[in-house]
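Structure first, then comments.
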Amino acid sequence: MKQLLRPAVIVFCILAVSSASSAPLIIPDEHKRPPEQTYLTFPEWYLVHSPAEYADFLECETPDAFPFLGHVRQFWQSYRAVWKETRDRYPVNLAYHVMVSVIGVSTTIEYGVKSAYETLVGRISLLISSDELTAEDQLAADVARDYAEFIRIDPWYKYDFGKRLAQVWMDTGFWGPNMFRKWERKYALTTEYAAKALYGWFIGKATGLGYEAPKHVTAAIVVAPSNQDSWAAAQMEILKKDAATGTALILLPRYQAFTTEALTLSSQGIEFTEIAGNQDEILISVIAPAAWSPEDQFGTMLLSQPVMTQPQKARYLMKVPITSLSAVLRALISENIEVEHIYDF
């Protein structure tokens, strides 16, 4: 009897091992995020894109000419678009809607005040000054650039506005050309940085009490071509890999770095099948000529907005099937279209 059972046991073990090795990879629950997040994060990220546009603008222009109120309109337009897209498809994510509303109202107030001040007081100080920028103007431009880069990775309220406030008084001097403009800028920057330092401290405390710390990685399942021997994404961690099928469960950095690494992987022919537990669609934005007409191969367009400081360009927001993401990214790059961001839930 033992001799009869032995072959059956061997066959059973072989089948069990084979089944285990070909078991589908699954994203752990702690790395899953709800599908509506890819949409709801766009208004939040608009408040990253807007400061970046402002920083670019200050490289050659003064703040009084920046379209602050136009950016307020675009923010609420984007929020309305994603709300309409998600309200009948997914449960209401109340906490996230509250957060987006709070930052939207805060930005509306900030941009409204800055628009009024720069149009009235800022423009007057420019009219009675020469074309030479003051040290305060140059500091404001440097801070705008540094801030725009900082919030691509970290929350705005963690930015050290207190340090920047000290620089207004320690690094720019008290005397020099265009004295009226110089002291007017000192007042403007002191008020802005002090208010943001205080408000940022308050928001940081409230966020720590009301929300869990977000994960800084995004889990994905990807498939490599059969001839793919190496993976070149700089910030990727492979959790599991199935050599037989070429699939892998990986961790990529979240936020802006996800876009960079996804572009790297797509250029190698690696395809996404699941991101953060989602297999349906993901939102991407690109910057393209204002007259550009995206083809169906790029996904379904949800919204387009002009880049107000560069009228020849526009932002296009498109929803793309996750399984087509890499192909879409390769097609966009081949047409020299800038992939601004992939909204990784």
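By order of appearance in the structure tokens: chains A, B, ..., then residues from 1 within every chain, and ligands from 1 in the order shown.
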
Closest-contact table, range 85-151 of chain A side, partner range 42-47 of chain A, 10 Å, counting only C-alpha atoms, as a tab-separated table:
residue	atom	partner	partner_atom	distance
A:Tyr96	CA	A:Glu44	CA	9.8
A:Met99	CA	A:Glu44	CA	8.9
A:Val100	CA	A:Glu44	CA	6.3
A:Ser101	CA	A:Pro43	CA	9.5
A:Ile103	CA	A:Glu44	CA	7.8
A:Gly104	CA	A:Pro43	CA	8.3
A:Thr107	CA	A:Leu47	CA	8.2
A:Ala148	CA	A:Leu47	CA	9.6
A:Ile151	CA	A:Leu47	CA	9.1

Please dump the current selection as a short mmCIF file (atom, residue, chain, number, x, y, z; two decimals), in the first residue's frame; keep C-alpha atoms.
data_model
loop_
_atom_site.label_atom_id
_atom_site.label_comp_id
_atom_site.auth_asym_id
_atom_site.auth_seq_id
_atom_site.Cartn_x
_atom_site.Cartn_y
_atom_site.Cartn_z
CA TYR A 96 -11.16 64.14 1.54
CA MET A 99 -9.80 68.66 3.18
CA VAL A 100 -10.03 69.83 -0.44
CA SER A 101 -12.68 72.40 0.49
CA ILE A 103 -7.45 74.21 1.17
CA GLY A 104 -9.61 75.61 -1.63
CA THR A 107 -6.22 79.50 -1.35
CA ALA A 148 7.21 74.83 -5.49
CA ILE A 151 5.45 70.70 -2.06
#

Practice problem: Please provide the set of residues having any atom within 9 Å of range 248-260 of chain A, restricted to only C-alpha atoms, with same-chain residues fewer than 6 positions apart removed, written as a ChimeraX atom specification. | Solution: /A:25-27,152-154,215-224,233,235-242,339-344

Quiz item: Restricting the calculation to only C-alpha atoms, which member of A:Val307, A:Leu127, A:Ala314, A:Ala194 is positioned closest to Ala290 in chain A?
Solution: A:Ala314

Quiz item: Quick one: DSSP strand (DSSP E) residues in range 127-332 of chain A, as a PyMOL selection string?
Solution: chain A and resi 217-223+237-242+247-253+271-275+281-289+300-306+313-321

Practice problem: Determine which residues of range 45-282 of chain A receive a DSSP assignment of helix (DSSP H, G or I), computed from the backbone, and state them as a ChimeraX atom specification. | Solution: /A:45-58,63-65,68-86,94-127,135-150,156-158,161-170,179-210,256-267

Quiz prompt | Shortest interatomic distance to Arg330 in chain A - which of A:Ser266, A:Ser125, A:Gln312, A:Ser304, counting only C-alpha atoms | solution =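 For Arg330 in chain A, the nearest of the candidates is A:Ser266.
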
Quiz item: Separation of CA of Glu59 in chain A and CA of Trp76 in chain A, in Å?
Solution: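 So the answer is 26.7 Å.
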
Practice problem: Mind checking which residues fall within 8 Å of Trp156 in chain A, counting only C-alpha atoms, ignoring those fewer than 3 positions away in the same chain, and posting them as a ChimeraX atom specification? | Solution: /A:147,150-151,159,200

List the neighbours of Tyr193 in chain A out to 8 Å using only C-alpha atoms; skip same-chain residues closer than 5 positions along the sequence, and give me the result as a PDB file with C-alpha atoms, in the first residue's frame.
ATOM      1  CA  PHE A 161       8.340  79.929   6.419  1.00  0.00           C
ATOM      2  CA  GLY A 162       9.869  81.054   9.708  1.00  0.00           C
ATOM      3  CA  ARG A 164      12.283  82.617   5.146  1.00  0.00           C
ATOM      4  CA  LEU A 165      10.817  85.367   7.327  1.00  0.00           C
TER       5      LEU A 165
END

Could you pull the residues within 10 Å of Met318 in chain A, counting only C-alpha atoms, minus those fewer than 5 positions along the same chain, as a PDB file with N, CA and C atoms, in the first residue's frame?
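The resulting selection_26.pdb:
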ATOM      1  N   GLU A 281      -9.040  52.579 -13.847  1.00  0.00           N
ATOM      2  CA  GLU A 281      -8.462  53.710 -14.562  1.00  0.00           C
ATOM      3  C   GLU A 281      -7.701  54.618 -13.610  1.00  0.00           C
ATOM      4  N   ILE A 282      -6.856  55.425 -14.201  1.00  0.00           N
ATOM      5  CA  ILE A 282      -6.035  56.363 -13.446  1.00  0.00           C
ATOM      6  C   ILE A 282      -6.023  57.687 -14.183  1.00  0.00           C
ATOM      7  N   LEU A 283      -5.881  58.771 -13.444  1.00  0.00           N
ATOM      8  CA  LEU A 283      -5.902  60.114 -14.024  1.00  0.00           C
ATOM      9  C   LEU A 283      -4.480  60.587 -14.288  1.00  0.00           C
ATOM     10  N   ILE A 284      -4.265  61.221 -15.431  1.00  0.00           N
ATOM     11  CA  ILE A 284      -2.973  61.839 -15.735  1.00  0.00           C
ATOM     12  C   ILE A 284      -3.222  63.241 -16.282  1.00  0.00           C
ATOM     13  N   SER A 285      -2.250  64.120 -16.117  1.00  0.00           N
ATOM     14  CA  SER A 285      -2.327  65.445 -16.742  1.00  0.00           C
ATOM     15  C   SER A 285      -1.084  65.672 -17.578  1.00  0.00           C
ATOM     16  N   VAL A 286      -1.273  66.346 -18.691  1.00  0.00           N
ATOM     17  CA  VAL A 286      -0.163  66.665 -19.581  1.00  0.00           C
ATOM     18  C   VAL A 286      -0.227  68.141 -19.939  1.00  0.00           C
ATOM     19  N   PRO A 294      -6.085  65.647 -28.373  1.00  0.00           N
ATOM     20  CA  PRO A 294      -5.647  64.303 -27.987  1.00  0.00           C
ATOM     21  C   PRO A 294      -6.473  63.226 -28.677  1.00  0.00           C
ATOM     22  N   PHE A 298      -4.916  58.130 -26.174  1.00  0.00           N
ATOM     23  CA  PHE A 298      -4.388  58.738 -24.965  1.00  0.00           C
ATOM     24  C   PHE A 298      -5.368  58.669 -23.801  1.00  0.00           C
ATOM     25  N   GLY A 299      -6.541  58.122 -24.003  1.00  0.00           N
ATOM     26  CA  GLY A 299      -7.529  58.028 -22.944  1.00  0.00           C
ATOM     27  C   GLY A 299      -8.693  58.976 -23.186  1.00  0.00           C
ATOM     28  N   THR A 300      -9.524  59.157 -22.165  1.00  0.00           N
ATOM     29  CA  THR A 300     -10.710  60.009 -22.260  1.00  0.00           C
ATOM     30  C   THR A 300     -10.445  61.324 -21.544  1.00  0.00           C
ATOM     31  N   MET A 301     -10.616  62.434 -22.260  1.00  0.00           N
ATOM     32  CA  MET A 301     -10.307  63.733 -21.658  1.00  0.00           C
ATOM     33  C   MET A 301     -11.409  64.135 -20.687  1.00  0.00           C
ATOM     34  N   LEU A 302     -11.020  64.525 -19.492  1.00  0.00           N
ATOM     35  CA  LEU A 302     -11.961  64.958 -18.462  1.00  0.00           C
ATOM     36  C   LEU A 302     -12.062  66.474 -18.406  1.00  0.00           C
ATOM     37  N   LEU A 303     -10.944  67.153 -18.647  1.00  0.00           N
ATOM     38  CA  LEU A 303     -10.909  68.608 -18.475  1.00  0.00           C
ATOM     39  C   LEU A 303      -9.695  69.177 -19.192  1.00  0.00           C
ATOM     40  N   SER A 304      -9.842  70.363 -19.744  1.00  0.00           N
ATOM     41  CA  SER A 304      -8.684  71.086 -20.274  1.00  0.00           C
ATOM     42  C   SER A 304      -8.717  72.509 -19.729  1.00  0.00           C
ATOM     43  N   ILE A 342       1.041  61.918 -12.821  1.00  0.00           N
ATOM     44  CA  ILE A 342       0.174  60.744 -12.762  1.00  0.00           C
ATOM     45  C   ILE A 342      -0.387  60.702 -11.353  1.00  0.00           C
TER      46      ILE A 342
END

Quiz item: Neighbours of Lys182 in chain A within 8 Å (only C-alpha atoms; same-chain residues fewer than 4 positions away dropped), as an NGL selection string?
Solution: :A and (134-136 or 176-178 or 186)

Exercise. Grab the CA of Thr108 in chain A to CA of Asp146 in chain A distance for me, in Å with one decimal place.
Key: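 Separating CA of Thr108 in chain A from CA of Asp146 in chain A is a distance of 21.9 Å.
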
Practice problem: Counting only C-alpha atoms, figure out which residue out of A:Ile203, A:Cys60, A:Arg80, A:Gln138 gets nearest to Val102 in chain A. | Solution: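 Looking only at the distances to Val102 in chain A, the closest residue turns out to be A:Ile203.
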
Exercise. Pick out the residues sitting within 8 Å of Thr172 in chain A, and hand them over as a list of chain:residue names; count only C-alpha atoms, and ignore anything fewer than 2 positions along from it in its own chain.
Key: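 In the requested form, the answer reads A:Ala135, A:Glu136, A:Leu139, A:Gln167, A:Val168, A:Trp169, A:Met170, A:Phe174.
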
Selection file, N, CA and C atoms, as a PDB file, in the first residue's frame:
ATOM      1  N   ALA A 135      16.531  93.382  -3.601  1.00  0.00           N
ATOM      2  CA  ALA A 135      16.947  92.110  -3.007  1.00  0.00           C
ATOM      3  C   ALA A 135      15.732  91.336  -2.499  1.00  0.00           C
ATOM      4  N   GLU A 136      14.711  92.060  -2.059  1.00  0.00           N
ATOM      5  CA  GLU A 136      13.485  91.414  -1.587  1.00  0.00           C
ATOM      6  C   GLU A 136      12.738  90.735  -2.732  1.00  0.00           C
ATOM      7  N   LEU A 139      14.626  87.577  -3.443  1.00  0.00           N
ATOM      8  CA  LEU A 139      14.377  86.574  -2.413  1.00  0.00           C
ATOM      9  C   LEU A 139      13.006  85.939  -2.617  1.00  0.00           C
ATOM     10  N   GLN A 167      15.059  85.592   6.799  1.00  0.00           N
ATOM     11  CA  GLN A 167      15.891  86.033   5.681  1.00  0.00           C
ATOM     12  C   GLN A 167      15.460  87.396   5.149  1.00  0.00           C
ATOM     13  N   VAL A 168      14.152  87.676   5.217  1.00  0.00           N
ATOM     14  CA  VAL A 168      13.671  88.981   4.746  1.00  0.00           C
ATOM     15  C   VAL A 168      14.396  90.101   5.466  1.00  0.00           C
ATOM     16  N   TRP A 169      14.688  89.915   6.742  1.00  0.00           N
ATOM     17  CA  TRP A 169      15.299  90.966   7.540  1.00  0.00           C
ATOM     18  C   TRP A 169      16.807  90.800   7.718  1.00  0.00           C
ATOM     19  N   MET A 170      17.306  89.595   7.591  1.00  0.00           N
ATOM     20  CA  MET A 170      18.733  89.349   7.827  1.00  0.00           C
ATOM     21  C   MET A 170      19.566  89.397   6.543  1.00  0.00           C
ATOM     22  N   PHE A 174      19.026  96.930   4.669  1.00  0.00           N
ATOM     23  CA  PHE A 174      18.045  97.950   5.036  1.00  0.00           C
ATOM     24  C   PHE A 174      18.085  99.161   4.104  1.00  0.00           C
TER      25      PHE A 174
END
